[in-house]
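S.K.: If you scroll down you'll find the structure; I have some questions about it.
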Number of protein chains: 2
Amino acid sequence: MKVKQRNWVHIIALVLALALVTTVANAAQPKYVFFFLGDGMASSQIQATEAYLTTANGGSATLAKDLLKPENRLNLSKMAVTGMQTTYDSFALMTDSASSATAFACGIKTKSGVIGMDETLARSVKSIAQLAYERGRKVGIITSVSLDHATPAAYYASVPNRGYMNNIATQLANTGYEFFGGGGLVKPAPTDNPGSDTNNDVWALLEANGYTVLKDRESILALKDSPRDKVVCINPWLQDAQAMPYDIDRINTENTNLSLAEMTEVAIADLYGRRPAKGHKWGQSRKEGFFIMVEGGKIDWACHANDAMAAIADMIDFDNAVGVAMEFLKKHPHETLIVVTGDHETGGMTIGHATTAYKAYYDRLLGQTNSFQYFGANQWTEHKTEWEDKVCANVAAPNNLESNIDMLDLMADVFGLNWADLNDYQKEKLEDAYDKSMCGSNDNHAAENTYLYGGYNPIIVTITHVLNEQASIGWTSYSHTGVPVPIFAQGREAELFAGFYDNTDIARKLAKAMDLPKLPVEK
Amino acid sequence: MKVKQRNWVHIIALVLALALVTTVANAAQPKYVFFFLGDGMASSQIQATEAYLTTANGGSATLAKDLLKPENRLNLSKMAVTGMQTTYDSFALMTDSASSATAFACGIKTKSGVIGMDETLARSVKSIAQLAYERGRKVGIITSVSLDHATPAAYYASVPNRGYMNNIATQLANTGYEFFGGGGLVKPAPTDNPGSDTNNDVWALLEANGYTVLKDRESILALKDSPRDKVVCINPWLQDAQAMPYDIDRINTENTNLSLAEMTEVAIADLYGRRPAKGHKWGQSRKEGFFIMVEGGKIDWACHANDAMAAIADMIDFDNAVGVAMEFLKKHPHETLIVVTGDHETGGMTIGHATTAYKAYYDRLLGQTNSFQYFGANQWTEHKTEWEDKVCANVAAPNNLESNIDMLDLMADVFGLNWADLNDYQKEKLEDAYDKSMCGSNDNHAAENTYLYGGYNPIIVTITHVLNEQASIGWTSYSHTGVPVPIFAQGREAELFAGFYDNTDIARKLAKAMDLPKLPVEK
């Protein structure tokens with residue numbers, strides 16, 4: 001009896017010891033950390049994309065059974081942990097991407113337009129990327145926009161004005177980070193940047209600092225098999241402001257350009273396959289591994305322009321990049337953390353419209369083949385060149401658009417928008433916008449034009465407005481909005497990201513997950 | 001040495017035993033369960049309310065430090081657990097409140113308009129309230145709209161059509177539930193309901209079933225000290241469709257009417273203070289306690305009408321009711337679960353507008369003193385009676401509104417909207433709407449009027465549109481929208497509500513928390 005009891009006690013002790021070991025193991029930091037930032041992505045962008053995917057995959061966006069099928073859901077929607085964040089910056093309900101990136105990267109509030117500095121501009125702070133790098137983690141910074149744009153910049157630069165892009169690029173070249181990938185640089189030349197406080201030749205500086213700059217698809221993809229030490233990967237086609245093309249436009253050029261998902265694949269292979277950082281060996285310390293930030297930057301640009309389909313295509317590419325990280329997590333389940341969020345909503349996008357009420361028609365979007373940007377730079381420019389004189393000789397005519405077969409064909413070919421399907425109000429809005437775009441004026445009040453077009457090409461933004469409202473998607477703004485933004489997390493330490501908190505807390509949580517010093521850390 | 005080692009083993013065993021006891025205790029179900037449902041409440045409604053509160057409390061909605069102060073945050077924003085839900089019903093991306101209530105209450109998808117039955121209408125299912133009641137929990141059903149409205153109805157009724165309100169009320173009277181509180185009944189009389197399948201005298205049925213119906217503030221509040229067994233509490237003033245008044249209108253009548261928060265206080269005191277259900281004693285079984293459902297139903301109605309300030313005031317009252325439950329949770333921290341969510345977004349509300357871009361002016365809302373509903377039934381009706389003939393004799397005049405001092409004064413007095421602050425486009429929209437409301441026509445296309453007014457009084461909805469856009473709030477619809485809705489939870493078993501899941505999962509999680517049978521349960 002006595003012996004039995006003692007055995008029982010020993011068994012309990014053994015169970016407890018095992019439990020302790022498990023607890024300690026679980027408390028260890030993740031070696032591989034991903035932060036995915038959908039610029040301009042909030043709940044509406046996610047829902048519109050899933051409703052579109054449901055339709056594109058042959059289902060109906062009006063059937064719960066189709067909408068809820070796993071293949072019609074984004075990777076981010078399937079992650080185990082969700083949270084919610086407030087996104088205000090120091091002086092705005094609607095944050096700017098520079099201040100929100102500073103919040104995520106450095107853990108401080110600042111004012112719109114400022115990167116890596118506080119609102120007084122007196123204090124510069126280190127980003128979690130820099131702190132991780134200093135502790136032996138490799139760092140990869142990926143974005144679909146230019147590498148010196150506000151969001152990526154917050155991970156390596158401190159500037160009082162996001163417009164100081166030569167200064168930002170100079171700081172990029174001095175980071176030592178192992179991987180940059182995405183768009184190009186906006187002001188790399190000494191002569192580019194009269195408003196900035198630096199005037200450096202950034203390409204020369206990158207070379208001097210040991211960086212290899214790759215600009216074609218083959219050499220970039222080759223990194224997957226032959227990792228390099230310090231590399232800047234720039235997509236061949238830079239569509240606008242040194243950014244990668246909208247994904248809706250890229251898919252026509254698949255063999256020459258990279259998707260954000262492919263760029264992420266390259267970064268993972270390159271950083272994971274490469275030899276340990278200087279002074280470190282794999283497995284020597286839990287501080288090794290990598291931190292990769294991936295920004296889907298043109299979701300925001302498409303939403304500024306109120307082009308739902310361009311935003312949705314970029315959402316899908318962004319989520320495919322998340323999927324690439326999820327595949328990595330499957331192979332390294334105990335060592336990987338993935339966090340996905342947006343910095344703010346853009347455009348006041350809604351999943352419903354007065355015109356369609358309780359109905360949704362996402363099949364309307366299937367006909368759009370180019371972004372507003374591509375259309376503006378190509379088909380529209382050609383059309384305007386050919387027709388401007390003829391149309392504007394008679395600008396007072398009430399049906400300049402309706403009588404122009406060439407333009408009606410373009411609307412049908414590029415946007416799947418058929419004149420015969422439009423109601424009288426939609427026709428009137430398109431006619432007004434056509435006159436304004438073609439000839440510079442219409443009969444609206446200036447305030448009405450501000451409301452209807454923002455700063456965008458009137459006819460193009462009206463085409464996407466009408467197309468989107470037909471699908472049941474509304475817009476109320478051309479700017480960022482202040483709605484709280486969801487967060488998704490999976491993997492080790494993912495539970496840190498549950499709850500409702502401020503955007504600056506995300507930096508603190510990431511710092512905690514990577515065992516970095518308490519934020520903020522002054523430079 | 002040997003002895004010491006054995007002591008150590010014993011200590012470990014003791015610790016383990018304590019851990020086990022704690023685990024078992026934590027696994028027990030909460031005795032007191034609250035489900036708060038903000039009808040039409042999603043992230044935008046929450047954010048608009050917090051920005052308003054910040055301003056109303058003397059801060060600025062453009063300063064992060066003010067927006068993040070605890071006193072400017074809603075109770076629901078401070079809850080420990082957040083989740084997110086998809087809200088589709090069987091055949092719609094934009095759910096109806098009947099189908100979403102069926103999802104929350106019964107755990108099944110159904111089609112719009114159906115309550116407590118599946119989409120084939122062949123199967124009726126029990127709600128979690130009914131199942132909880134059958135297992136000895138007391139049940140309280142509270143709503144700011146009529147007690148037979150879709151959301152409360154799903155907790156006690158099964159009908160193929162939410163319009164069968166005599167049938168719904170009949171089922172209400174047969175529940176045996178201990179507490180109903182809020183608005184009245186829409187079709188209680190035998191002659192009320194030719195379209196329904198029942199024609200009962202519901203007041204007589206309630207009496208026959210042992211219910212006491214209270215209709216004045218004092219007797220309702222008296223329940224806090226003198227609990228009663230089966231009670232129906234109806235707010236004295238039923239403003240529209242047998243609903244409690246909008247809170248923005250109620251506050252002028254504080255001593256005669258009840259807020260939703262007060263009604264919740266009464267329900268808690270009544271259900272907590274009363275003797276145990278038949279055959280049960282307090283503490284006899286963990287199945288005892290209560291389930292209380294509280295609906296803020298007019299957040300939705302205000303958002304349908306695109307009246308932000310009426311929605312915000314009802315949001316505050318709804319959240320105050322959440323606060324009442326949070327106080328209860330503080331006193332019963334290990335026995336209470338609170339879950340708060342919305343059933344869908346309404347109105348396509350956004351936290352930004354093309355007119356204001358990155359600026360927010362919530363102080364604009366401080367001047368509104370009545371809801372669109374009250375204004376329509378009172379000041380507007382008086383104005384129209386007095387002015388209709390005079391204005392409509394000259395309906396073609398371009399400035400019927402601008403030249404009418406009486407109407408300009410009303411807009412300033414009731415909405416704080418000053419003509420001098422408006423831009424030309426806002427003035428034009430108001431003039432068009434005034435003509436339409438006053439004289440039945442304007443020079444817009446029919447489709448434009450559908451877009452601008454929905455089914456609402458043109459001048460009133462245009463006043464709130466203009467006022468809201470001045471504050472930086474946009475709207476795109478007069479219907480429900482399909483954006484995912486956040487969930488908040490606190491207390492025992494709150495962690496069940498973390499993650500991103502479907503609205504039907506909420507019923508299953510609540511059933512699990514209350515140890516109810518696996519859903520759905522057929523009637």
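Residues in the structure tokens are named by chain (A, B, ... in the order shown) and by number from 1 within that chain; ligands are numbered from 1 in the order shown.
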What are the closest atom pairs, with distances in Å to one decimal, for all residues of chain B lying within 7 Å of chain A? Consider only C-alpha atoms, order rows by chain and residue number, and present the result as a Markdown table.
M.R.:
| residue | atom | partner | partner_atom | distance |
| --- | --- | --- | --- | --- |
| B:Val9 | CA | A:Ala13 | CA | 6.5 |
| B:Ile12 | CA | A:Ala13 | CA | 6.3 |
| B:Ala13 | CA | A:Ile12 | CA | 6.3 |
| B:Leu16 | CA | A:Leu16 | CA | 6.9 |
| B:Ser43 | CA | A:Pro484 | CA | 6.3 |
| B:Ser44 | CA | A:Val483 | CA | 5.5 |
| B:Gln47 | CA | A:Val483 | CA | 6.0 |
| B:Ala61 | CA | A:Leu93 | CA | 6.3 |
| B:Thr62 | CA | A:Ala92 | CA | 4.3 |
| B:Leu63 | CA | A:Phe91 | CA | 4.6 |
| B:Ala64 | CA | A:Ser90 | CA | 5.0 |
| B:Ser77 | CA | A:Phe500 | CA | 6.6 |
| B:Ala80 | CA | A:Gly499 | CA | 5.9 |
| B:Val81 | CA | A:Gly499 | CA | 5.0 |
| B:Thr82 | CA | A:Gly499 | CA | 4.9 |
| B:Gly83 | CA | A:Thr82 | CA | 5.9 |
| B:Tyr88 | CA | A:Ala64 | CA | 5.5 |
| B:Asp89 | CA | A:Ala64 | CA | 5.7 |
| B:Ser90 | CA | A:Ala64 | CA | 5.0 |
| B:Phe91 | CA | A:Leu63 | CA | 4.6 |
| B:Ala92 | CA | A:Thr62 | CA | 4.3 |
| B:Leu93 | CA | A:Thr62 | CA | 4.9 |
| B:Met94 | CA | A:Tyr358 | CA | 5.6 |
| B:Gly348 | CA | A:Thr350 | CA | 5.3 |
| B:Thr350 | CA | A:Gly348 | CA | 5.3 |
| B:Ile351 | CA | A:Gly482 | CA | 5.1 |
| B:Gly352 | CA | A:Thr481 | CA | 4.8 |
| B:His353 | CA | A:Ser477 | CA | 4.5 |
| B:Ala354 | CA | A:Ser477 | CA | 4.0 |
| B:Thr355 | CA | A:Tyr451 | CA | 6.1 |
| B:Ala357 | CA | A:Ser479 | CA | 5.5 |
| B:Tyr358 | CA | A:Met94 | CA | 5.6 |
| B:Ala360 | CA | A:Leu93 | CA | 6.8 |
| B:Asn423 | CA | A:Ala447 | CA | 6.6 |
| B:Asp424 | CA | A:His445 | CA | 6.4 |
| B:Tyr425 | CA | A:Glu448 | CA | 5.3 |
| B:His445 | CA | A:Tyr425 | CA | 6.0 |
| B:Ala447 | CA | A:Tyr425 | CA | 5.5 |
| B:Glu448 | CA | A:Tyr425 | CA | 5.3 |
| B:Tyr451 | CA | A:Ala354 | CA | 5.4 |
| B:Gly454 | CA | A:Ala354 | CA | 6.8 |
| B:Gly474 | CA | A:Thr476 | CA | 5.6 |
| B:Trp475 | CA | A:Thr476 | CA | 6.9 |
| B:Thr476 | CA | A:His353 | CA | 5.2 |
| B:Ser477 | CA | A:Ala354 | CA | 4.0 |
| B:Tyr478 | CA | A:Ala354 | CA | 5.8 |
| B:Ser479 | CA | A:Ala357 | CA | 5.5 |
| B:His480 | CA | A:Tyr358 | CA | 6.8 |
| B:Thr481 | CA | A:Gly352 | CA | 4.8 |
| B:Gly482 | CA | A:Ile351 | CA | 5.1 |
| B:Val483 | CA | A:Ser44 | CA | 5.5 |
| B:Pro484 | CA | A:Ser43 | CA | 6.3 |
| B:Ala498 | CA | A:Thr82 | CA | 6.7 |
| B:Gly499 | CA | A:Thr82 | CA | 4.9 |
| B:Phe500 | CA | A:Thr82 | CA | 6.4 |
S.K.: Compile the contact shell of B:Thr170 as a list of chain:residue names: residues with an atom at most 8 Å away, counting only C-alpha atoms, same-chain residues fewer than 2 positions apart removed.
M.R.: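 Near neighbours after the sequence-gap exclusion: B:Asn166, B:Asn167, B:Ile168, B:Leu172, B:Ala173, B:Asn174, B:Asn200, B:Val202, B:Leu205.
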S.K.: Just write the chosen residues, C-alpha atoms, as a PDB file, in the first residue's frame.
M.R.:
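Produced file again04.pdb, reproduced below:
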ATOM      1  CA  ASN B 166     -49.624  38.098 -33.549  1.00  0.00           C
ATOM      2  CA  ASN B 167     -48.239  34.577 -33.842  1.00  0.00           C
ATOM      3  CA  ILE B 168     -44.877  35.726 -32.437  1.00  0.00           C
ATOM      4  CA  LEU B 172     -44.030  34.999 -26.275  1.00  0.00           C
ATOM      5  CA  ALA B 173     -46.992  34.684 -23.934  1.00  0.00           C
ATOM      6  CA  ASN B 174     -46.548  30.900 -23.835  1.00  0.00           C
ATOM      7  CA  ASN B 200     -55.229  35.825 -30.559  1.00  0.00           C
ATOM      8  CA  VAL B 202     -52.283  38.336 -26.547  1.00  0.00           C
ATOM      9  CA  LEU B 205     -53.238  35.223 -22.993  1.00  0.00           C
TER      10      LEU B 205
END
S.K.: Considering only strand (DSSP E) as DSSP defines it on the backbone, what residues of stretch 100-215 of chain A qualify? List them as a PyMOL selection string.
M.R.: chain A and resi 138-143+179-182+212-214
S.K.: With N, CA and C atoms retained, export the selected residues as a PDB file, in the first residue's frame.
M.R.:
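out_5.pdb written:
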ATOM      1  N   LYS A 138      18.111  38.210 -39.174  1.00  0.00           N
ATOM      2  CA  LYS A 138      18.136  38.784 -40.518  1.00  0.00           C
ATOM      3  C   LYS A 138      16.853  39.576 -40.720  1.00  0.00           C
ATOM      4  N   VAL A 139      16.944  40.579 -41.585  1.00  0.00           N
ATOM      5  CA  VAL A 139      15.763  41.419 -41.817  1.00  0.00           C
ATOM      6  C   VAL A 139      15.463  41.503 -43.312  1.00  0.00           C
ATOM      7  N   GLY A 140      14.216  41.287 -43.649  1.00  0.00           N
ATOM      8  CA  GLY A 140      13.747  41.468 -45.018  1.00  0.00           C
ATOM      9  C   GLY A 140      12.602  42.468 -45.038  1.00  0.00           C
ATOM     10  N   ILE A 141      12.676  43.435 -45.956  1.00  0.00           N
ATOM     11  CA  ILE A 141      11.630  44.460 -46.086  1.00  0.00           C
ATOM     12  C   ILE A 141      11.098  44.382 -47.513  1.00  0.00           C
ATOM     13  N   ILE A 142       9.805  44.095 -47.617  1.00  0.00           N
ATOM     14  CA  ILE A 142       9.194  43.896 -48.933  1.00  0.00           C
ATOM     15  C   ILE A 142       7.967  44.791 -49.065  1.00  0.00           C
ATOM     16  N   THR A 143       7.821  45.398 -50.221  1.00  0.00           N
ATOM     17  CA  THR A 143       6.624  46.222 -50.454  1.00  0.00           C
ATOM     18  C   THR A 143       6.286  46.238 -51.925  1.00  0.00           C
ATOM     19  N   PHE A 179      17.764  41.904 -46.923  1.00  0.00           N
ATOM     20  CA  PHE A 179      16.903  41.782 -48.101  1.00  0.00           C
ATOM     21  C   PHE A 179      15.938  42.960 -48.224  1.00  0.00           C
ATOM     22  N   PHE A 180      15.925  43.578 -49.386  1.00  0.00           N
ATOM     23  CA  PHE A 180      14.867  44.520 -49.758  1.00  0.00           C
ATOM     24  C   PHE A 180      14.247  44.022 -51.059  1.00  0.00           C
ATOM     25  N   GLY A 181      12.930  44.099 -51.146  1.00  0.00           N
ATOM     26  CA  GLY A 181      12.308  43.653 -52.394  1.00  0.00           C
ATOM     27  C   GLY A 181      11.015  44.377 -52.678  1.00  0.00           C
ATOM     28  N   GLY A 182      10.752  44.657 -53.946  1.00  0.00           N
ATOM     29  CA  GLY A 182       9.486  45.259 -54.339  1.00  0.00           C
ATOM     30  C   GLY A 182       9.659  46.269 -55.439  1.00  0.00           C
ATOM     31  N   THR A 212      23.854  44.122 -53.675  1.00  0.00           N
ATOM     32  CA  THR A 212      23.632  43.779 -55.078  1.00  0.00           C
ATOM     33  C   THR A 212      22.215  44.208 -55.427  1.00  0.00           C
ATOM     34  N   VAL A 213      22.073  44.942 -56.510  1.00  0.00           N
ATOM     35  CA  VAL A 213      20.741  45.357 -56.955  1.00  0.00           C
ATOM     36  C   VAL A 213      20.333  44.497 -58.153  1.00  0.00           C
ATOM     37  N   LEU A 214      19.219  43.771 -57.996  1.00  0.00           N
ATOM     38  CA  LEU A 214      18.720  42.917 -59.079  1.00  0.00           C
ATOM     39  C   LEU A 214      17.434  43.512 -59.628  1.00  0.00           C
TER      40      LEU A 214
END
S.K.: With distances taken over only C-alpha atoms, which of A:Glu295, A:Asp343, A:Glu335, A:Asp409 is nearest to A:Ser100?
M.R.: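 Looking only at the distances to A:Ser100, the closest residue turns out to be A:Asp343.
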S.K.: Counting only C-alpha atoms, which of A:Gly367, A:Gly289, A:Pro152, A:Gly296 gets nearest to A:Tyr246?
M.R.: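 Of the candidates, the smallest distance to A:Tyr246 is held by A:Gly296.
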S.K.: Contacts of A:Asp247 at 7 Å or less, counting only C-alpha atoms, minus same-chain residues fewer than 3 places along, as a PyMOL selection string?
M.R.: chain A and resi 250-251+313-314+317
S.K.: I'd like the contact shell of B:Leu221 - 12 Å cut-off, only C-alpha atoms, skipping same-chain residues fewer than 4 positions apart - returned as a PyMOL selection string.
M.R.: chain B and resi 181+214-217+225-228+233-235+255-259+261-270
S.K.: Quick one: DSSP helix (DSSP H, G or I) residues in stretch 104-279 of chain B, as an MDAnalysis selection string?
M.R.: chainID B and resid 104:106 128:134 150:153 165:173 202:208 217:222 247:253 260:273
S.K.: Print the selection's residues with C-alpha atoms to a file, as a PDB file, in the first residue's frame.
M.R.:
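What follows is the written file out-v4.pdb:
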ATOM      1  CA  PHE B 104     -27.363  33.718 -32.798  1.00  0.00           C
ATOM      2  CA  ALA B 105     -30.316  32.148 -30.988  1.00  0.00           C
ATOM      3  CA  CYS B 106     -30.572  28.749 -32.659  1.00  0.00           C
ATOM      4  CA  ILE B 128     -30.594  28.790 -26.497  1.00  0.00           C
ATOM      5  CA  ALA B 129     -32.969  30.825 -24.321  1.00  0.00           C
ATOM      6  CA  GLN B 130     -35.587  28.099 -24.453  1.00  0.00           C
ATOM      7  CA  LEU B 131     -32.997  25.381 -23.806  1.00  0.00           C
ATOM      8  CA  ALA B 132     -31.536  27.365 -20.904  1.00  0.00           C
ATOM      9  CA  TYR B 133     -35.030  27.901 -19.486  1.00  0.00           C
ATOM     10  CA  GLU B 134     -35.826  24.201 -19.715  1.00  0.00           C
ATOM     11  CA  ALA B 150     -37.372  39.857 -35.156  1.00  0.00           C
ATOM     12  CA  THR B 151     -34.336  39.874 -32.846  1.00  0.00           C
ATOM     13  CA  PRO B 152     -36.097  39.184 -29.526  1.00  0.00           C
ATOM     14  CA  ALA B 153     -38.543  36.837 -31.279  1.00  0.00           C
ATOM     15  CA  MET B 165     -46.426  39.323 -35.159  1.00  0.00           C
ATOM     16  CA  ASN B 166     -49.624  38.098 -33.549  1.00  0.00           C
ATOM     17  CA  ASN B 167     -48.239  34.577 -33.842  1.00  0.00           C
ATOM     18  CA  ILE B 168     -44.877  35.726 -32.437  1.00  0.00           C
ATOM     19  CA  ALA B 169     -46.533  37.496 -29.500  1.00  0.00           C
ATOM     20  CA  THR B 170     -48.666  34.416 -28.843  1.00  0.00           C
ATOM     21  CA  GLN B 171     -45.508  32.323 -28.573  1.00  0.00           C
ATOM     22  CA  LEU B 172     -44.030  34.999 -26.275  1.00  0.00           C
ATOM     23  CA  ALA B 173     -46.992  34.684 -23.934  1.00  0.00           C
ATOM     24  CA  VAL B 202     -52.283  38.336 -26.547  1.00  0.00           C
ATOM     25  CA  TRP B 203     -52.929  40.596 -23.556  1.00  0.00           C
ATOM     26  CA  ALA B 204     -55.567  38.140 -22.329  1.00  0.00           C
ATOM     27  CA  LEU B 205     -53.238  35.223 -22.993  1.00  0.00           C
ATOM     28  CA  LEU B 206     -50.431  36.884 -21.011  1.00  0.00           C
ATOM     29  CA  GLU B 207     -52.793  37.367 -18.104  1.00  0.00           C
ATOM     30  CA  ALA B 208     -54.057  33.805 -18.325  1.00  0.00           C
ATOM     31  CA  ARG B 217     -41.681  53.871 -14.919  1.00  0.00           C
ATOM     32  CA  GLU B 218     -42.351  53.601 -11.176  1.00  0.00           C
ATOM     33  CA  SER B 219     -43.815  50.089 -11.169  1.00  0.00           C
ATOM     34  CA  ILE B 220     -41.075  48.881 -13.470  1.00  0.00           C
ATOM     35  CA  LEU B 221     -38.319  50.355 -11.295  1.00  0.00           C
ATOM     36  CA  ALA B 222     -40.041  48.938  -8.202  1.00  0.00           C
ATOM     37  CA  ASP B 247     -32.429  57.849 -26.651  1.00  0.00           C
ATOM     38  CA  ILE B 248     -31.716  61.314 -28.066  1.00  0.00           C
ATOM     39  CA  ASP B 249     -35.476  61.989 -27.683  1.00  0.00           C
ATOM     40  CA  ARG B 250     -35.943  60.102 -24.408  1.00  0.00           C
ATOM     41  CA  ILE B 251     -33.454  62.225 -22.454  1.00  0.00           C
ATOM     42  CA  ASN B 252     -35.954  65.097 -22.528  1.00  0.00           C
ATOM     43  CA  THR B 253     -38.456  62.838 -20.721  1.00  0.00           C
ATOM     44  CA  LEU B 260     -32.222  50.473 -22.097  1.00  0.00           C
ATOM     45  CA  ALA B 261     -29.608  50.576 -19.333  1.00  0.00           C
ATOM     46  CA  GLU B 262     -32.316  51.096 -16.693  1.00  0.00           C
ATOM     47  CA  MET B 263     -34.394  48.276 -18.183  1.00  0.00           C
ATOM     48  CA  THR B 264     -31.306  46.033 -17.950  1.00  0.00           C
ATOM     49  CA  GLU B 265     -30.744  47.050 -14.322  1.00  0.00           C
ATOM     50  CA  VAL B 266     -34.336  46.111 -13.520  1.00  0.00           C
ATOM     51  CA  ALA B 267     -34.029  42.760 -15.286  1.00  0.00           C
ATOM     52  CA  ILE B 268     -30.840  41.851 -13.437  1.00  0.00           C
ATOM     53  CA  ALA B 269     -32.253  42.843 -10.045  1.00  0.00           C
ATOM     54  CA  ASP B 270     -35.497  41.045 -10.777  1.00  0.00           C
ATOM     55  CA  LEU B 271     -33.929  37.806 -12.027  1.00  0.00           C
ATOM     56  CA  TYR B 272     -31.090  37.742  -9.527  1.00  0.00           C
ATOM     57  CA  GLY B 273     -33.238  38.691  -6.550  1.00  0.00           C
TER      58      GLY B 273
END
